Amino acid sequence: MCKSKKKLSTQVMEPKQKPRRSSSSTSPVTAKKLSSLNDHQKSSSTSQNLISPNGSTESFILNNLKNSQSWASSKSSHHSLSSLKGVLLPEQPHIYNFTEIRSATQNFLKNSFSSSSTSTSWRCVIRGQEVVVIQRKFRRPMEIDELVDQVAMICRSHHSSLIPLKGASVSGNYIYLVYEYTEGVNLSEALRNRRNPNFTVLSNWISRIQIASDIAHGLDYIHHSTGLGLGFVHNHIKSTSIIVTEPSFHAKICHFGTAELCGETPSEIGDPNSEIKPKKTPELKKCGSKGLKFEGTRGYMAPEFQWTGMATVKSDVYAFGVVVLELISGKEAVKYEFDEESGGYVRVSVIETAVKATEDGGAGLRGWVDKRLKDSYPVEVAEKLVRIGLECVETNPNNRPDMGRVAGRVSQMYLESKTWAEKFAPLTDFTVSLAPR
């Protein structure tokens, strides 16, 4: 026992016998990392430095992550726990190995959680955590540094109304986004039950105004990125991209960061509040319905987005306005109904029906609001919320309000609704006696 103690103390004291390095010198690990990065940049041209359909950045990202982890482990082996308290290591984004994604999804043969024309998702377990893996295609070439920085930025972003991103993986021209799994149902299914159209879990006004407030604050955080100094664009706001949690009926926005990581937005993000001035150039015309393809959901696409194909904060505001009108009316964003006079199908938009309901001083508003609320809602608050929704879907994007202003107004309406609910709450505690007096 004495020998082992003596041997252990020698091993602990060995690092102190090493010559002291000056503060200006570079550690061998750091120098090796910098030289490897320089060699990579010299050996690859600009086109090779981009994520292209024929190239993969998985090995490059993993090597950088391993180097940083080895540096951290070497530092921890030479310093005691007390000395590490003053050392702040940078938070590393989760760059998953593609083999982890393939194993969790059973080589992509596992039943998909959801699927569309542009993405496929699987519910699975990675590193002991229940997650949802979403496969999407890159829309434009992205530099390696840009992708790593964006993943790190989004993983460090946290808000109660956003489903957090755990990490990402890249293989070829596909990116695999790993999000935390959240129990609940999407807003579209919560509002419209296909099996029983007369039933909805959102049967009271407070639950709906709460969801509107959650979405507004979440989208405001995305646009202004509190504490991060950068503005993001969601580009996928719709009723099927919002999860309603149980039993509190709070809303969480899915796909946060998808637009940036998939290259759906410009490489340089400008001022989120800057005005949009579209120009009629051949390049913009080429992005129209007869030109280049762009992703969008019918009923949620802003007019300028259909013209330019460019996602902006103003196009997010437009989609939010459509969701608000869905919340109040319970109707779909757009649907086709059979017209007996013409014998064909007519396109019906929730925006058009809302505009008609607010005409003549809002005389038709009661008939337009979801009948499953049974007229139990504050009429004045409902009218103000409808007008906010219509302001958000203005044809001119520069006339649409900022989400920060919208979030504040919706929060005030939520407080007014709570006051109304407390004042007109139904009686729940009463007794009936049939005994003679």
# chains A, B, ... in the order shown; residues from 1 in each chain; ligands from 1
$ residues_around --residues "A:Val151" --least-positions-apart "2" --cutoff "8 Å" --atoms "only C-alpha atoms" --output "VMD selection string"
chain A and resid 93 147 to 149 153 to 155 167 to 168 261
$ write_last_selection --atoms "N, CA and C atoms" --output "PDB file, in the first residue's frame"
ATOM      1  N   PRO A  93     -21.345  22.020 -30.274  1.00  0.00           N
ATOM      2  CA  PRO A  93     -22.593  21.514 -30.852  1.00  0.00           C
ATOM      3  C   PRO A  93     -22.507  20.013 -31.055  1.00  0.00           C
ATOM      4  N   LEU A 147     -21.856  26.233 -41.659  1.00  0.00           N
ATOM      5  CA  LEU A 147     -22.733  25.194 -41.133  1.00  0.00           C
ATOM      6  C   LEU A 147     -22.453  24.932 -39.658  1.00  0.00           C
ATOM      7  N   VAL A 148     -21.174  24.808 -39.294  1.00  0.00           N
ATOM      8  CA  VAL A 148     -20.813  24.536 -37.898  1.00  0.00           C
ATOM      9  C   VAL A 148     -21.240  25.682 -36.994  1.00  0.00           C
ATOM     10  N   ASP A 149     -21.035  26.908 -37.436  1.00  0.00           N
ATOM     11  CA  ASP A 149     -21.420  28.073 -36.642  1.00  0.00           C
ATOM     12  C   ASP A 149     -22.935  28.135 -36.448  1.00  0.00           C
ATOM     13  N   MET A 153     -24.926  27.934 -32.927  1.00  0.00           N
ATOM     14  CA  MET A 153     -25.787  29.039 -32.544  1.00  0.00           C
ATOM     15  C   MET A 153     -27.194  28.556 -32.204  1.00  0.00           C
ATOM     16  N   ILE A 154     -27.747  27.683 -33.026  1.00  0.00           N
ATOM     17  CA  ILE A 154     -29.120  27.225 -32.830  1.00  0.00           C
ATOM     18  C   ILE A 154     -29.219  26.295 -31.630  1.00  0.00           C
ATOM     19  N   CYS A 155     -28.212  25.440 -31.419  1.00  0.00           N
ATOM     20  CA  CYS A 155     -28.231  24.536 -30.269  1.00  0.00           C
ATOM     21  C   CYS A 155     -28.162  25.303 -28.947  1.00  0.00           C
ATOM     22  N   GLY A 167     -28.796  18.523 -32.428  1.00  0.00           N
ATOM     23  CA  GLY A 167     -27.600  18.458 -33.254  1.00  0.00           C
ATOM     24  C   GLY A 167     -27.950  18.114 -34.687  1.00  0.00           C
ATOM     25  N   ALA A 168     -26.938  17.778 -35.467  1.00  0.00           N
ATOM     26  CA  ALA A 168     -27.148  17.507 -36.886  1.00  0.00           C
ATOM     27  C   ALA A 168     -26.083  16.551 -37.391  1.00  0.00           C
ATOM     28  N   LEU A 261     -30.053  25.978 -41.738  1.00  0.00           N
ATOM     29  CA  LEU A 261     -29.184  24.816 -41.910  1.00  0.00           C
ATOM     30  C   LEU A 261     -29.371  24.127 -43.259  1.00  0.00           C
TER      31      LEU A 261
END
$ select_by_dssp --residues "stretch 135-225 of chain A" --states "helix (DSSP H, G or I)" --output "number ranges by chain"
A: 144-155, 187-191, 205-224
$ residues_around --residues "A:Cys124" --least-positions-apart "2" --cutoff "6 Å" --atoms "only C-alpha atoms" --output "VMD selection string"
chain A and resid 104 130 to 131
$ write_last_selection --atoms "all heavy atoms" --output "PDB file, in the first residue's frame"
ATOM      1  N   ALA A 104     -30.023   4.328 -35.537  1.00  0.00           N
ATOM      2  CA  ALA A 104     -31.248   4.680 -34.814  1.00  0.00           C
ATOM      3  C   ALA A 104     -32.487   4.513 -35.687  1.00  0.00           C
ATOM      4  O   ALA A 104     -33.562   4.167 -35.183  1.00  0.00           O
ATOM      5  CB  ALA A 104     -31.159   6.112 -34.305  1.00  0.00           C
ATOM      6  N   GLU A 130     -34.830  10.344 -26.388  1.00  0.00           N
ATOM      7  CA  GLU A 130     -35.863  10.191 -27.408  1.00  0.00           C
ATOM      8  C   GLU A 130     -35.900  11.446 -28.272  1.00  0.00           C
ATOM      9  O   GLU A 130     -36.102  12.554 -27.759  1.00  0.00           O
ATOM     10  CB  GLU A 130     -37.224   9.948 -26.765  1.00  0.00           C
ATOM     11  CG  GLU A 130     -38.278   9.445 -27.744  1.00  0.00           C
ATOM     12  CD  GLU A 130     -39.532   8.952 -27.049  1.00  0.00           C
ATOM     13  OE1 GLU A 130     -39.636   9.141 -25.820  1.00  0.00           O
ATOM     14  OE2 GLU A 130     -40.397   8.395 -27.732  1.00  0.00           O
ATOM     15  N   VAL A 131     -35.688  11.258 -29.557  1.00  0.00           N
ATOM     16  CA  VAL A 131     -35.559  12.389 -30.467  1.00  0.00           C
ATOM     17  C   VAL A 131     -36.372  12.132 -31.733  1.00  0.00           C
ATOM     18  O   VAL A 131     -36.904  11.044 -31.954  1.00  0.00           O
ATOM     19  CB  VAL A 131     -34.078  12.634 -30.845  1.00  0.00           C
ATOM     20  CG1 VAL A 131     -33.266  13.000 -29.617  1.00  0.00           C
ATOM     21  CG2 VAL A 131     -33.495  11.412 -31.553  1.00  0.00           C
TER      22      VAL A 131
END
$ residues_around --residues "A:Tyr221" --least-positions-apart "4" --cutoff "10 Å" --atoms "only C-alpha atoms" --output "list of chain:residue names"
A:Ser157, A:His158, A:His159, A:Ser161, A:Leu162, A:Ile215, A:Ala216, A:His217, A:Ser225, A:Thr226, A:Gly227, A:Gly231, A:Phe232, A:Met403, A:Gly404, A:Ala407
$ write_last_selection --atoms "N, CA and C atoms" --output "compact mmCIF listing (two decimals), in the first residue's frame"
# COMPACT_ATOMS: atom_id res chain seq x y z
N SER A 157 -29.63 28.17 -28.47
CA SER A 157 -30.83 28.99 -28.36
C SER A 157 -31.92 28.20 -27.63
N HIS A 158 -32.51 28.81 -26.63
CA HIS A 158 -33.53 28.13 -25.83
C HIS A 158 -34.71 29.07 -25.59
N HIS A 159 -35.90 28.55 -25.82
CA HIS A 159 -37.13 29.30 -25.54
C HIS A 159 -38.23 28.28 -25.26
N SER A 161 -41.19 28.21 -26.10
CA SER A 161 -42.12 27.98 -27.21
C SER A 161 -41.43 27.35 -28.42
N LEU A 162 -40.19 26.90 -28.26
CA LEU A 162 -39.46 26.28 -29.37
C LEU A 162 -39.02 24.88 -28.98
N ILE A 215 -47.09 31.16 -29.68
CA ILE A 215 -46.53 31.21 -31.04
C ILE A 215 -45.92 32.58 -31.31
N ALA A 216 -46.62 33.63 -30.89
CA ALA A 216 -46.12 34.99 -31.13
C ALA A 216 -44.79 35.22 -30.44
N HIS A 217 -44.67 34.80 -29.18
CA HIS A 217 -43.42 35.00 -28.45
C HIS A 217 -42.31 34.13 -29.02
N SER A 225 -33.76 36.81 -31.90
CA SER A 225 -32.72 35.98 -31.26
C SER A 225 -32.15 36.67 -30.03
N THR A 226 -32.94 36.79 -29.03
CA THR A 226 -32.56 37.51 -27.81
C THR A 226 -31.22 37.02 -27.27
N GLY A 227 -30.27 37.94 -27.17
CA GLY A 227 -28.96 37.61 -26.62
C GLY A 227 -27.97 37.09 -27.62
N GLY A 231 -30.61 37.57 -36.46
CA GLY A 231 -32.01 37.28 -36.72
C GLY A 231 -32.15 36.08 -37.62
N PHE A 232 -33.07 35.19 -37.27
CA PHE A 232 -33.32 33.99 -38.07
C PHE A 232 -34.69 34.10 -38.72
N MET A 403 -42.96 41.25 -35.24
CA MET A 403 -43.44 40.24 -34.32
C MET A 403 -43.28 40.66 -32.87
N GLY A 404 -42.33 41.53 -32.57
CA GLY A 404 -42.20 42.02 -31.20
C GLY A 404 -43.42 42.80 -30.77
N ALA A 407 -46.40 40.30 -30.45
CA ALA A 407 -46.33 39.50 -29.22
C ALA A 407 -46.82 40.31 -28.02
$ residues_around --residues "A:Ser411" --least-positions-apart "6" --cutoff "10 Å" --atoms "only C-alpha atoms" --output "list in words"
Ile209, Gln210, Ala212, Ser213, Asp214, Ala216, His217 and Ser417 of chain A
$ write_last_selection --atoms "N, CA and C atoms" --output "PDB file, in the first residue's frame"
ATOM      1  N   ILE A 209     -56.221  31.507 -26.988  1.00  0.00           N
ATOM      2  CA  ILE A 209     -55.444  32.737 -26.859  1.00  0.00           C
ATOM      3  C   ILE A 209     -54.074  32.437 -26.250  1.00  0.00           C
ATOM      4  N   GLN A 210     -53.990  31.391 -25.419  1.00  0.00           N
ATOM      5  CA  GLN A 210     -52.697  30.972 -24.870  1.00  0.00           C
ATOM      6  C   GLN A 210     -51.782  30.470 -25.980  1.00  0.00           C
ATOM      7  N   ALA A 212     -51.969  31.253 -29.187  1.00  0.00           N
ATOM      8  CA  ALA A 212     -51.589  32.399 -30.013  1.00  0.00           C
ATOM      9  C   ALA A 212     -50.455  33.185 -29.366  1.00  0.00           C
ATOM     10  N   SER A 213     -50.506  33.353 -28.051  1.00  0.00           N
ATOM     11  CA  SER A 213     -49.447  34.069 -27.340  1.00  0.00           C
ATOM     12  C   SER A 213     -48.132  33.301 -27.389  1.00  0.00           C
ATOM     13  N   ASP A 214     -48.180  31.988 -27.208  1.00  0.00           N
ATOM     14  CA  ASP A 214     -46.954  31.170 -27.256  1.00  0.00           C
ATOM     15  C   ASP A 214     -46.285  31.254 -28.626  1.00  0.00           C
ATOM     16  N   ALA A 216     -46.616  33.629 -30.888  1.00  0.00           N
ATOM     17  CA  ALA A 216     -46.122  34.991 -31.133  1.00  0.00           C
ATOM     18  C   ALA A 216     -44.789  35.224 -30.439  1.00  0.00           C
ATOM     19  N   HIS A 217     -44.671  34.804 -29.184  1.00  0.00           N
ATOM     20  CA  HIS A 217     -43.424  35.005 -28.454  1.00  0.00           C
ATOM     21  C   HIS A 217     -42.306  34.127 -29.017  1.00  0.00           C
ATOM     22  N   SER A 417     -58.348  38.328 -21.469  1.00  0.00           N
ATOM     23  CA  SER A 417     -59.147  37.103 -21.529  1.00  0.00           C
ATOM     24  C   SER A 417     -59.183  36.410 -20.172  1.00  0.00           C
TER      25      SER A 417
END
$ residues_around --residues "A:Pro247" --least-positions-apart "4" --cutoff "12 Å" --atoms "only C-alpha atoms" --output "JSON, numbers by chain"
{"A": [183, 184, 185, 201, 202, 207, 251]}
$ closest_residue --among "A:Glu383, A:Glu143, A:Asp375, A:Asp370" --to "A:Thr358" --atoms "only C-alpha atoms"
A:Glu383
$ closest_residue --among "A:Lys418, A:His234, A:Lys110, A:His224" --to "A:Trp122" --atoms "only C-alpha atoms"
A:Lys110
$ residues_around --residues "A:Asn186" --least-positions-apart "2" --cutoff "7 Å" --atoms "only C-alpha atoms" --output "list in words"
Gly184, Ser188, Glu189, Ala190, Ser239, Thr240, Ser241, Ile242, Ile243 and Val244 of chain A
$ write_last_selection --atoms "N, CA, C and O atoms" --output "tab-separated table (two decimals), in the first residue's frame"
chain	number	residue	atom	x	y	z
A	184	GLY	N	-47.37	15.37	-27.69
A	184	GLY	CA	-48.49	16.24	-28.01
A	184	GLY	C	-49.04	15.95	-29.39
A	184	GLY	O	-48.74	14.92	-30.00
A	188	SER	N	-53.15	21.54	-36.18
A	188	SER	CA	-54.16	21.22	-37.17
A	188	SER	C	-55.07	20.08	-36.69
A	188	SER	O	-56.30	20.16	-36.81
A	189	GLU	N	-54.48	19.04	-36.11
A	189	GLU	CA	-55.27	17.92	-35.61
A	189	GLU	C	-56.03	18.30	-34.35
A	189	GLU	O	-57.12	17.77	-34.10
A	190	ALA	N	-55.45	19.20	-33.54
A	190	ALA	CA	-56.16	19.64	-32.33
A	190	ALA	C	-57.40	20.44	-32.68
A	190	ALA	O	-58.41	20.36	-31.96
A	239	SER	N	-50.00	25.33	-39.25
A	239	SER	CA	-50.66	24.65	-38.14
A	239	SER	C	-50.10	23.26	-37.89
A	239	SER	O	-50.14	22.77	-36.76
A	240	THR	N	-49.56	22.61	-38.91
A	240	THR	CA	-48.98	21.28	-38.72
A	240	THR	C	-47.56	21.33	-38.16
A	240	THR	O	-47.01	20.29	-37.79
A	241	SER	N	-46.97	22.51	-38.08
A	241	SER	CA	-45.62	22.67	-37.52
A	241	SER	C	-45.64	23.22	-36.11
A	241	SER	O	-44.61	23.68	-35.61
A	242	ILE	N	-46.80	23.18	-35.47
A	242	ILE	CA	-46.94	23.66	-34.09
A	242	ILE	C	-47.51	22.53	-33.25
A	242	ILE	O	-48.57	21.97	-33.56
A	243	ILE	N	-46.80	22.18	-32.18
A	243	ILE	CA	-47.21	21.09	-31.31
A	243	ILE	C	-47.94	21.67	-30.10
A	243	ILE	O	-47.45	22.58	-29.43
A	244	VAL	N	-49.13	21.12	-29.82
A	244	VAL	CA	-49.90	21.49	-28.64
A	244	VAL	C	-49.64	20.43	-27.58
A	244	VAL	O	-49.95	19.25	-27.77
$ atom_distance --atom1 "atom CA of A:Lys137" --atom2 "atom CA of A:Thr265"
13.7 Å
$ closest_residue --among "A:Leu325, A:Ile206, A:Cys262, A:Ile95" --to "A:Asn173" --atoms "only C-alpha atoms"
A:Cys262
$ atom_distance --atom1 "atom CA of A:Val334" --atom2 "atom CA of A:Thr200"
19.4 Å
